[in-house]
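Student: Below is a structure I'd like to ask you about.
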2 protein chains.
Amino acid sequence: MKRFAFILAIFSAVCCQAETGYELWLRYQPVSNAPYATQCKQVLRSLQVYGTSPTLTAASTELKNGLKGLLGISLPLGSNGSVVLARPENIPSITPAIKEKLAKAGREGYIIYTTTINGSKKTLISGNTDQAILYGVFHLLRLVQTAQPVHSLDLLSVPRSPLRLLNHWDNLNRTIERGYAGFSLWQWNNLPGYVDQRIIDYARANASIGINGTVLTNVNANALILTQEYLLKVKALADVFRIYGIKTYLTARFSAPIENGGLKTADPLDPTVRNWWKQKVDSIYQLIPDFGGFLVKANSEGQPGPQDYDRNHADGANMLAEAIAPHKGIVMWRAFVYSHTSDDRFKQAYEEFKPLDNKFSSNVLVQVKNGPIDFQPREPFSPLFGAMPGTPMMMEFQLTQEYLGQSTHLVYEAPLFKEVLDADTYTKGKGSPVSSTLSGFAAVANIGNDMNWCGHLFAQSNWYAFGRLSWDHQLSSEAIATEWIRQTFTNDPAFVKPVLHIMMRSRELMVNYMTPLGLTHIMYNGHHYGPMPWGNTLGRPDWNPVYYHKADSVGIGFNRTSTGSNALSQYAAPVRQQFENINTCPDDYLLWFHHASWDHRMQSGRNLWDELCYRYHSATDSVRQMQQQWNALQRFVDTERFRHVQQMLAIQASEAAWWRDACLLYFQTFSRKPFPTGYEKPAHSLEYYKNLHFQLTY
Amino acid sequence: MKRFAFILAIFSAVCCQAETGYELWLRYQPVSNAPYATQCKQVLRSLQVYGTSPTLTAASTELKNGLKGLLGISLPLGSNGSVVLARPENIPSITPAIKEKLAKAGREGYIIYTTTINGSKKTLISGNTDQAILYGVFHLLRLVQTAQPVHSLDLLSVPRSPLRLLNHWDNLNRTIERGYAGFSLWQWNNLPGYVDQRIIDYARANASIGINGTVLTNVNANALILTQEYLLKVKALADVFRIYGIKTYLTARFSAPIENGGLKTADPLDPTVRNWWKQKVDSIYQLIPDFGGFLVKANSEGQPGPQDYDRNHADGANMLAEAIAPHKGIVMWRAFVYSHTSDDRFKQAYEEFKPLDNKFSSNVLVQVKNGPIDFQPREPFSPLFGAMPGTPMMMEFQLTQEYLGQSTHLVYEAPLFKEVLDADTYTKGKGSPVSSTLSGFAAVANIGNDMNWCGHLFAQSNWYAFGRLSWDHQLSSEAIATEWIRQTFTNDPAFVKPVLHIMMRSRELMVNYMTPLGLTHIMYNGHHYGPMPWGNTLGRPDWNPVYYHKADSVGIGFNRTSTGSNALSQYAAPVRQQFENINTCPDDYLLWFHHASWDHRMQSGRNLWDELCYRYHSATDSVRQMQQQWNALQRFVDTERFRHVQQMLAIQASEAAWWRDACLLYFQTFSRKPFPTGYEKPAHSLEYYKNLHFQLTY
């Protein structure tokens, strides 16, 4: 009967224009608040565009389509429009006040300003480039989507970072490494002759949140992308992205001079190699004059690199940097390395890169993952942030949920990003947050060709949040989530409030049902889905879960204090001291830094074992609450999207219990303590969980 | 400037509800002919459904949604409806006339019949099963979509074949072998907890054209699908498909008893192996009581099979058949084999299977590709059709365009299918067409998760045509294309007529710009895209283009007459005799059967070389005409779909010229004859084409 009820439930979703999630946050549905719509229509009556360019055409088209959907109006285009798009040199009788604002706007900032031009009231959207004006148009549309007043505006918005990039780990066969949302958007075999609508919509979505660069290819790179045949395909994409202010970047396989060029070496100090790269770069810029540059993963997880020739990372990066510098391109060199021996993988990136500070050319940035290990539910910030003051640094976040439940768990990641960005490195004294050490932002994309782009509908919020935070990292997670909910669903507070609640707690819940108290990397081998804290069969110690939790009869956790691996020495003294002292180390990071006794008294007053049980159980219970909260919201959401999230939450709830039971039963074999009373009993035995063959086919 | 014009052109496609092609032929757009709409509304006023089942619910939902879109009405559901859905036992005061019709309808046939029930005029849709009624609903909707009268209907439609299956060559990692439309629809990692809307829409589309079975997995099979973990996922899909009358089938990897069962052998005569399969089959039917059965590729291209144990195909098939027979399942055993040595690959399937006639169990069907080689633009029918009268045969067509331009060429395949089905085998005397030798239809699907399902919008017509032909192979290609155009675009004859013209000639053009006069398999190695008639580097002779065309200074073509490989001896005498005699062999098949002199006089009066030049050139010119014809139709089509097809046709036109130039320049090195005057000169040298590295990344 249950199945039959499900089957009947699906029918209402069958209709001609089903809600697929394809529109993302650019839904432009009719404004339901009639007085507000009237107010908007009074202000946004007509459009005047000064100047012509593809980008201005994109801006005016977006505004017209947006307002057509939101207000049901066809915005007439002509002279004396009530909305004016113009660069400063085109604004009629520009005032000193406007000039002054625009002087602060830089290349990408914009103003939205209610003013009087030629005697009539106008909404002026201006910036020093057409790209900035496009950003302003998306901002105005967002105001209408989220029901904000538009009759008297005085906004100046300037990005706090010049580099706001997506990194696509997309292979040329269209599979996506760690992708959970379908195939790659780049249809290499149909390019350059065929560029599909989705490419345009991808660019629109990025421009709407300020993303201004995209690395098309996997960091585990294929040199084929650097052949002329493929560069012509890249050019076809770049020609669309340029309109939306998005620069195109590629990953550079370090051995390309051998694979593509037929050379015998890729030694970065070899003149023929250097010349090969110069020629290659020149040929790229002939096709793509605003090509952004290269992202490189070298000497990491089997990728070739300068160390193959006894050169260091700086030698490699600088060779590429020299080739690309005449064209104003950049090189983003990843610090995710752990190929040499060390007693603690945590320390390796720092050990390898810190000595190279000041050795990189000025157009090289070192790109560092947010934490020292690998995109875990919670990590302390990487000690490299602030540690290389003579080297520009980029943050690398991961939107795709490799370790965060992949396509089926609802996790709003902005709190994770903010936690890292706001962490104080103390590298220039108190008040040196990670954000202050950065010259740019990158995030591994969670985008594929699934109808809704991101697999899980709520994963769209992470793409959205990354764009908004890379523009302004001071925005709050709540503010961003609220914008996203309103644009994606409805402005009704009876919906916005509970969904905001679900989103804001989701990441902490995930930490607690997967890896509470600083547990790390206890996921399944390979696919990284589901719990495998017992894993100890892989060839390298630091690929195995037991390496990370070090549970034994005494306690659990990785001692990184001075009595252990001393990884904490890589941090500035105040950070190190706080983590080093088990009494000041926050419980959330305890097992990252200490091998703590099962009887260790936690800040809650519970002992460690009881706290572990409490966290796993309460988080699992809370996921079930999330399910109930969502179910109570059915009346606000179309059947299709409602059912999508409902099914996903059911999976998440059952998998939270799986995590809880598998981990607690396993750790109990070390703690030898009973489960506190009052908790739900494990559904199965530890052997059952160990024998589960969760065979993912990525 | 050209690029700029393109860029401006794309903007009009940016809108809230862009046409993506997702709706397929089930678009249900408002009827534009007002008098016709009024007529429909008079007849289709309300709905009455006798009985309850998920399938009847699907039928009534489809009808309500369809008429809401087409006529803008909300069809009230209740007693005394003007449209009645009922099985015969539920029809009030059923008449002998209706009973008689339904007696002919079988399990899947249906009637749509305007009649009087309880004193009022009704449109009765009836059949002996709910599945049949669902088919009838789709038929009624098609009538409205294509603007046919609905006020006085007396239709009986019965499928001519009981097996109408799609074969998905989908891998468990969601890549699709020879797929050009994205990732697999089956989201294995999210199943069984998450079943997305697309699964339902896939089932709707299939039901609308009578497809009643789907093989989910690649014939190059993975035994993982037969584990309990994956069978639970299959069940979740089957539970949806069942509602729409679609049975679920899987491919069976012959070595699964070893890989999954831990046995030491997969010998089909081994009792433990036989028992393993029985147990496995029983466990499948516990989950999926109407499971359809297995499709098997064995001892072909590296797949394991009974010959690994010195058993034959019948031994292997019958072992599976025995296990599945108690559940009424079937085994479809593919005849695509060419692993043993032979002087001519053409002959191998026949040589291997013909001796096994009458050796297969009654629930085994031998599934044969339409031609003796491999889904070429034109092949003679396989000599196996009609050659095994004691064995049920299934036709295997290929919808996905492996050798037919893949995702970028517009090729309507119904004429290819009809050419094969209508070919006379003479195996039971004159009038024994291939269609009369068949017990079922299968087609390798062209479906992926691209927004429009099939990559090329017009590739949807091939999915549509296969369904319609497998229901009734006597339908004409023109009639099917006309239905599809009207449902997919518009009923306006100013659009329908030229598009029908484009579709109807498209396959013959492709033959002529790729492989005219019976040339075969001269595509690139591996990916099979583009011309490589010079290919002679692969390990087996019969993988190389030169094996197939055998061009030399004397002539070109494969001598399969009695002076050559004598493959023609596999046909019935009248067929053999026609092909054997170079003067009666149709020009379209000449090089399939004869090594003909460059001076051979063709039916056109030209010599062979001149005819080859003529075919390549005229077909290429015609593709350019297709482009122009499409461009003239812009006013009938939304921007997005118009631009999609326009870009694809531009690729097709340039690639037709590539085929023409590469092939003619190459064959000229043998013919040593000049190009006839008046033709366009080749754009490049032969060396240029040979050095093109067209690197596809499938």
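Residues in the structure tokens are named by chain (A, B, ... in the order shown) and by number from 1 within that chain; ligands are numbered from 1 in the order shown.
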For the structure I just gave you, how does DSSP split segment 2-241 of chain A - specifically, which residues are alpha helix (DSSP H)? Reply as a PyMOL selection string.
Tutor: chain A and resi 2-11+34-43+54-71+96-103+130-145+197-208+228-241
Student: Using only C-alpha atoms, determine which residues lie at most 12 Å from Arg540 of chain B, disregarding the query and same-chain residues fewer than 4 positions distant; provide the list as a list in words.
Tutor: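 Everything that qualifies: Glu301, Tyr338, Ser339, His340, Thr341, Ser342, Asp343, Arg345, Asn525, Gly535, Asn536, Asn544, Pro545, Val546 and Tyr547 of chain B.
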Student: Those same residues - N, CA and C atoms - I'd like them written as a short mmCIF file (atom, residue, chain, number, x, y, z; two decimals), in the first residue's frame.
Tutor:
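For reference, again32.cif as written:
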```
data_model
loop_
_atom_site.label_atom_id
_atom_site.label_comp_id
_atom_site.auth_asym_id
_atom_site.auth_seq_id
_atom_site.Cartn_x
_atom_site.Cartn_y
_atom_site.Cartn_z
N GLU B 301 33.18 -10.12 -29.14
CA GLU B 301 33.96 -8.96 -28.73
C GLU B 301 34.39 -9.04 -27.27
N TYR B 338 31.30 -12.59 -34.22
CA TYR B 338 32.24 -12.75 -35.33
C TYR B 338 33.61 -13.10 -34.77
N SER B 339 33.57 -13.94 -33.74
CA SER B 339 34.83 -14.21 -33.07
C SER B 339 35.62 -15.35 -33.72
N HIS B 340 34.96 -16.23 -34.42
CA HIS B 340 35.76 -17.30 -34.99
C HIS B 340 36.24 -16.89 -36.39
N THR B 341 37.16 -17.63 -36.91
CA THR B 341 37.79 -17.23 -38.16
C THR B 341 36.85 -17.51 -39.33
N SER B 342 36.92 -16.64 -40.28
CA SER B 342 36.14 -16.79 -41.50
C SER B 342 36.78 -15.88 -42.52
N ASP B 343 36.59 -16.17 -43.77
CA ASP B 343 37.16 -15.29 -44.79
C ASP B 343 36.33 -14.04 -44.97
N ARG B 345 33.53 -11.61 -42.70
CA ARG B 345 32.74 -11.35 -41.49
C ARG B 345 31.24 -11.41 -41.77
N ASN B 525 38.42 4.56 -37.05
CA ASN B 525 38.56 3.51 -36.04
C ASN B 525 37.97 3.95 -34.72
N GLY B 535 42.04 3.42 -43.52
CA GLY B 535 42.39 2.74 -42.27
C GLY B 535 42.82 1.29 -42.49
N ASN B 536 44.01 0.94 -42.07
CA ASN B 536 44.49 -0.43 -42.23
C ASN B 536 45.47 -0.82 -41.14
N ASN B 544 39.19 -3.14 -40.15
CA ASN B 544 39.81 -2.08 -40.95
C ASN B 544 38.98 -1.72 -42.18
N PRO B 545 38.82 -0.43 -42.45
CA PRO B 545 38.10 0.00 -43.65
C PRO B 545 38.59 -0.65 -44.94
N VAL B 546 39.89 -0.82 -45.12
CA VAL B 546 40.36 -1.37 -46.40
C VAL B 546 39.85 -2.79 -46.63
N TYR B 547 39.55 -3.50 -45.53
CA TYR B 547 38.97 -4.84 -45.65
C TYR B 547 37.62 -4.76 -46.34
#
```
Student: Can you list, as a JSON list (two decimals) with N, CA, C and O atoms, in the first residue's frame, every protein, DNA or RNA residue that comes within 9 Å of Gly448 of chain B when you count only C-alpha atoms, leaving out same-chain residues fewer than 2 positions away?
Tutor:
```json
[["chain", "number", "residue", "atom", "x", "y", "z"],
["B", 176, "ILE", "N", 27.29, 5.87, -21.45],
["B", 176, "ILE", "CA", 26.49, 5.07, -22.38],
["B", 176, "ILE", "C", 27.36, 4.71, -23.57],
["B", 176, "ILE", "O", 27.91, 5.60, -24.24],
["B", 179, "GLY", "N", 26.58, 6.25, -26.89],
["B", 179, "GLY", "CA", 25.55, 7.23, -26.55],
["B", 179, "GLY", "C", 26.03, 8.63, -26.86],
["B", 179, "GLY", "O", 27.19, 8.96, -26.57],
["B", 180, "TYR", "N", 25.16, 9.43, -27.43],
["B", 180, "TYR", "CA", 25.55, 10.78, -27.83],
["B", 180, "TYR", "C", 24.57, 11.80, -27.27],
["B", 180, "TYR", "O", 24.38, 12.87, -27.83],
["B", 181, "ALA", "N", 23.93, 11.47, -26.17],
["B", 181, "ALA", "CA", 22.91, 12.36, -25.62],
["B", 181, "ALA", "C", 23.04, 12.48, -24.11],
["B", 181, "ALA", "O", 22.07, 12.63, -23.40],
["B", 182, "GLY", "N", 24.28, 12.41, -23.64],
["B", 182, "GLY", "CA", 24.51, 12.61, -22.22],
["B", 182, "GLY", "C", 24.69, 11.32, -21.44],
["B", 182, "GLY", "O", 25.09, 10.29, -21.99],
["B", 183, "PHE", "N", 24.41, 11.42, -20.17],
["B", 183, "PHE", "CA", 24.57, 10.34, -19.20],
["B", 183, "PHE", "C", 23.33, 9.44, -19.22],
["B", 183, "PHE", "O", 22.27, 9.85, -19.69],
["B", 184, "SER", "N", 23.48, 8.27, -18.65],
["B", 184, "SER", "CA", 22.35, 7.37, -18.49],
["B", 184, "SER", "C", 21.26, 8.00, -17.62],
["B", 184, "SER", "O", 21.54, 8.73, -16.68],
["B", 185, "LEU", "N", 20.01, 7.68, -17.94],
["B", 185, "LEU", "CA", 18.90, 8.15, -17.10],
["B", 185, "LEU", "C", 18.88, 7.46, -15.74],
["B", 185, "LEU", "O", 18.27, 7.97, -14.81],
["B", 445, "ALA", "N", 18.77, 2.16, -27.88],
["B", 445, "ALA", "CA", 18.20, 3.48, -27.61],
["B", 445, "ALA", "C", 19.17, 4.60, -27.93],
["B", 445, "ALA", "O", 20.39, 4.42, -27.92],
["B", 446, "ASN", "N", 18.59, 5.76, -28.22],
["B", 446, "ASN", "CA", 19.38, 6.99, -28.44],
["B", 446, "ASN", "C", 19.08, 8.01, -27.36],
["B", 446, "ASN", "O", 19.12, 9.21, -27.60],
["B", 450, "ASP", "N", 20.55, 14.37, -21.69],
["B", 450, "ASP", "CA", 20.50, 15.70, -22.29],
["B", 450, "ASP", "C", 19.09, 16.27, -22.12],
["B", 450, "ASP", "O", 18.11, 15.53, -22.09],
["B", 451, "MET", "N", 19.00, 17.57, -22.05],
["B", 451, "MET", "CA", 17.69, 18.21, -21.88],
["B", 451, "MET", "C", 16.67, 17.67, -22.87],
["B", 451, "MET", "O", 15.53, 17.44, -22.53],
["B", 452, "ASN", "N", 17.08, 17.49, -24.12],
["B", 452, "ASN", "CA", 16.12, 17.06, -25.14],
["B", 452, "ASN", "C", 16.14, 15.54, -25.35],
["B", 452, "ASN", "O", 15.61, 15.07, -26.35],
["B", 453, "TRP", "N", 16.74, 14.81, -24.47],
["B", 453, "TRP", "CA", 16.77, 13.34, -24.43],
["B", 453, "TRP", "C", 17.68, 12.69, -25.46],
["B", 453, "TRP", "O", 18.28, 11.67, -25.18],
["B", 454, "CYS", "N", 17.75, 13.21, -26.67],
["B", 454, "CYS", "CA", 18.37, 12.49, -27.79],
["B", 454, "CYS", "C", 19.56, 13.23, -28.41],
["B", 454, "CYS", "O", 20.07, 12.80, -29.44],
["B", 455, "GLY", "N", 19.98, 14.34, -27.83],
["B", 455, "GLY", "CA", 21.11, 15.08, -28.41],
["B", 455, "GLY", "C", 20.63, 15.96, -29.55],
["B", 455, "GLY", "O", 20.53, 17.18, -29.41]]
```
Student: In Å to one decimal, how far is atom CA of Pro415 of chain B from atom CA of Ala105 of chain B?
Tutor: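 Atom CA of Ala105 of chain B sits 28.0 Å away from atom CA of Pro415 of chain B.
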Student: Please provide as a VMD selection string all residues within 10 Å of Ala657 of chain A, with the sequence filter that same-chain residues fewer than 2 positions apart are discarded (counting only C-alpha atoms).
Tutor: chain A and resid 513 to 514 616 to 617 619 to 621 623 to 624 652 to 655 659 to 663 680 682 to 683
Student: Enumerate, as a PyMOL selection string, the complete set of residues in segment 495-637 of chain B that a backbone-based DSSP assignment places in strand (DSSP E or B).
Tutor: chain B and resi 523+531+555-556+596-597+601+607
Student: Of the candidates A:Met504, A:Ile73, A:Ala236, A:Ile133, which one gets nearest to chain B if we count only C-alpha atoms?
Tutor: A:Ala236
Student: Using only C-alpha atoms, which residue out of A:Leu457, A:Val195, A:Val43, A:Ile373 lies closest to chain B?
Tutor: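 Result for the nearest residue to chain B: A:Val195.
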Student: Might you pull out every residue within 9 Å of Ala423 of chain B, with only C-alpha atoms counted and same-chain residues fewer than 3 positions away left off, and present them as a list in words?
Tutor: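 Once the adjacent positions are removed, what remains is Pro380, Phe381, Lys418, Glu419, Val420, Ser432, Pro433, Val434 and Ser435 of chain B.
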Student: Deliver the residues from the most recent selection as a file, using C-alpha atoms, as a tab-separated table (two decimals), in the first residue's frame.
Tutor:
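out-v5.tsv was written with the following content:
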```
chain	number	residue	atom	x	y	z
B	380	PRO	CA	21.34	-5.67	-47.18
B	381	PHE	CA	19.16	-7.54	-44.69
B	418	LYS	CA	11.25	-0.01	-43.56
B	419	GLU	CA	13.76	-0.94	-46.26
B	420	VAL	CA	14.86	-3.89	-44.13
B	432	SER	CA	8.28	-13.51	-47.33
B	433	PRO	CA	9.43	-10.10	-46.17
B	434	VAL	CA	11.81	-9.77	-43.24
B	435	SER	CA	8.91	-8.49	-41.14
```
Student: With only C-alpha atoms as the basis for distance, which of A:Leu696, A:Ala205, A:Leu438, A:Met510 is at the shortest distance from chain B?
Tutor: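 Selected residue with least distance to chain B: A:Leu696.
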Student: Could you check which of A:Lys41, A:Lys101, A:Lys264, A:Arg27 is closest to Asn65 of chain A, using only C-alpha atoms?
Tutor: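 Result for the nearest residue to Asn65 of chain A: A:Arg27.
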Student: I'd like the contact shell of Ser685 of chain A - 12 Å cut-off, only C-alpha atoms, skipping same-chain residues fewer than 2 positions apart - returned as a list in words.
Tutor: Trp658, Asp661, Ala662, Cys663, Leu664, Leu665, Tyr666, Gln668, Thr669, Lys681, Pro682, Ala683, Glu687, Tyr688, Tyr689, Lys690, Asn691 and Leu692 of chain A
Student: Please compute the atom CA of Phe642 of chain A-atom CA of Ser53 of chain B distance, one decimal, in Å.
Tutor: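 For atom CA of Phe642 of chain A relative to atom CA of Ser53 of chain B, the distance reads 24.2 Å.
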Student: Counting only C-alpha atoms, what is within 10 Å of segment 102-104 of chain B, bar same-chain residues fewer than 6 positions away, as a VMD selection string?
Tutor: chain B and resid 87 to 88 96 110 to 111 126 to 128 156 to 158
Student: Go ahead and write the residues just picked, C-alpha atoms, as a PDB file, in the first residue's frame.
Tutor:
```pdb
ATOM      1  CA  ARG B  87     -12.362  -2.658 -19.656  1.00  0.00           C
ATOM      2  CA  PRO B  88     -15.117  -4.710 -21.324  1.00  0.00           C
ATOM      3  CA  PRO B  96     -22.225  -7.209 -29.344  1.00  0.00           C
ATOM      4  CA  TYR B 110      -7.669  -1.004 -27.887  1.00  0.00           C
ATOM      5  CA  ILE B 111     -10.725   0.564 -29.394  1.00  0.00           C
ATOM      6  CA  SER B 126     -11.534   0.260 -24.065  1.00  0.00           C
ATOM      7  CA  GLY B 127      -9.230  -2.705 -24.146  1.00  0.00           C
ATOM      8  CA  ASN B 128      -8.826  -5.982 -22.375  1.00  0.00           C
ATOM      9  CA  LEU B 156      -9.329  -0.669 -33.428  1.00  0.00           C
ATOM     10  CA  SER B 157      -5.571  -0.781 -33.061  1.00  0.00           C
ATOM     11  CA  VAL B 158      -3.715  -3.994 -32.240  1.00  0.00           C
TER      12      VAL B 158
END
```
Student: I'd like to know which of B:Gln48, B:Gln131, B:Gln646, B:Thr251 is closest to chain A, using only C-alpha atoms.
Tutor: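 Closest to chain A, using only C-alpha atoms: B:Gln646.
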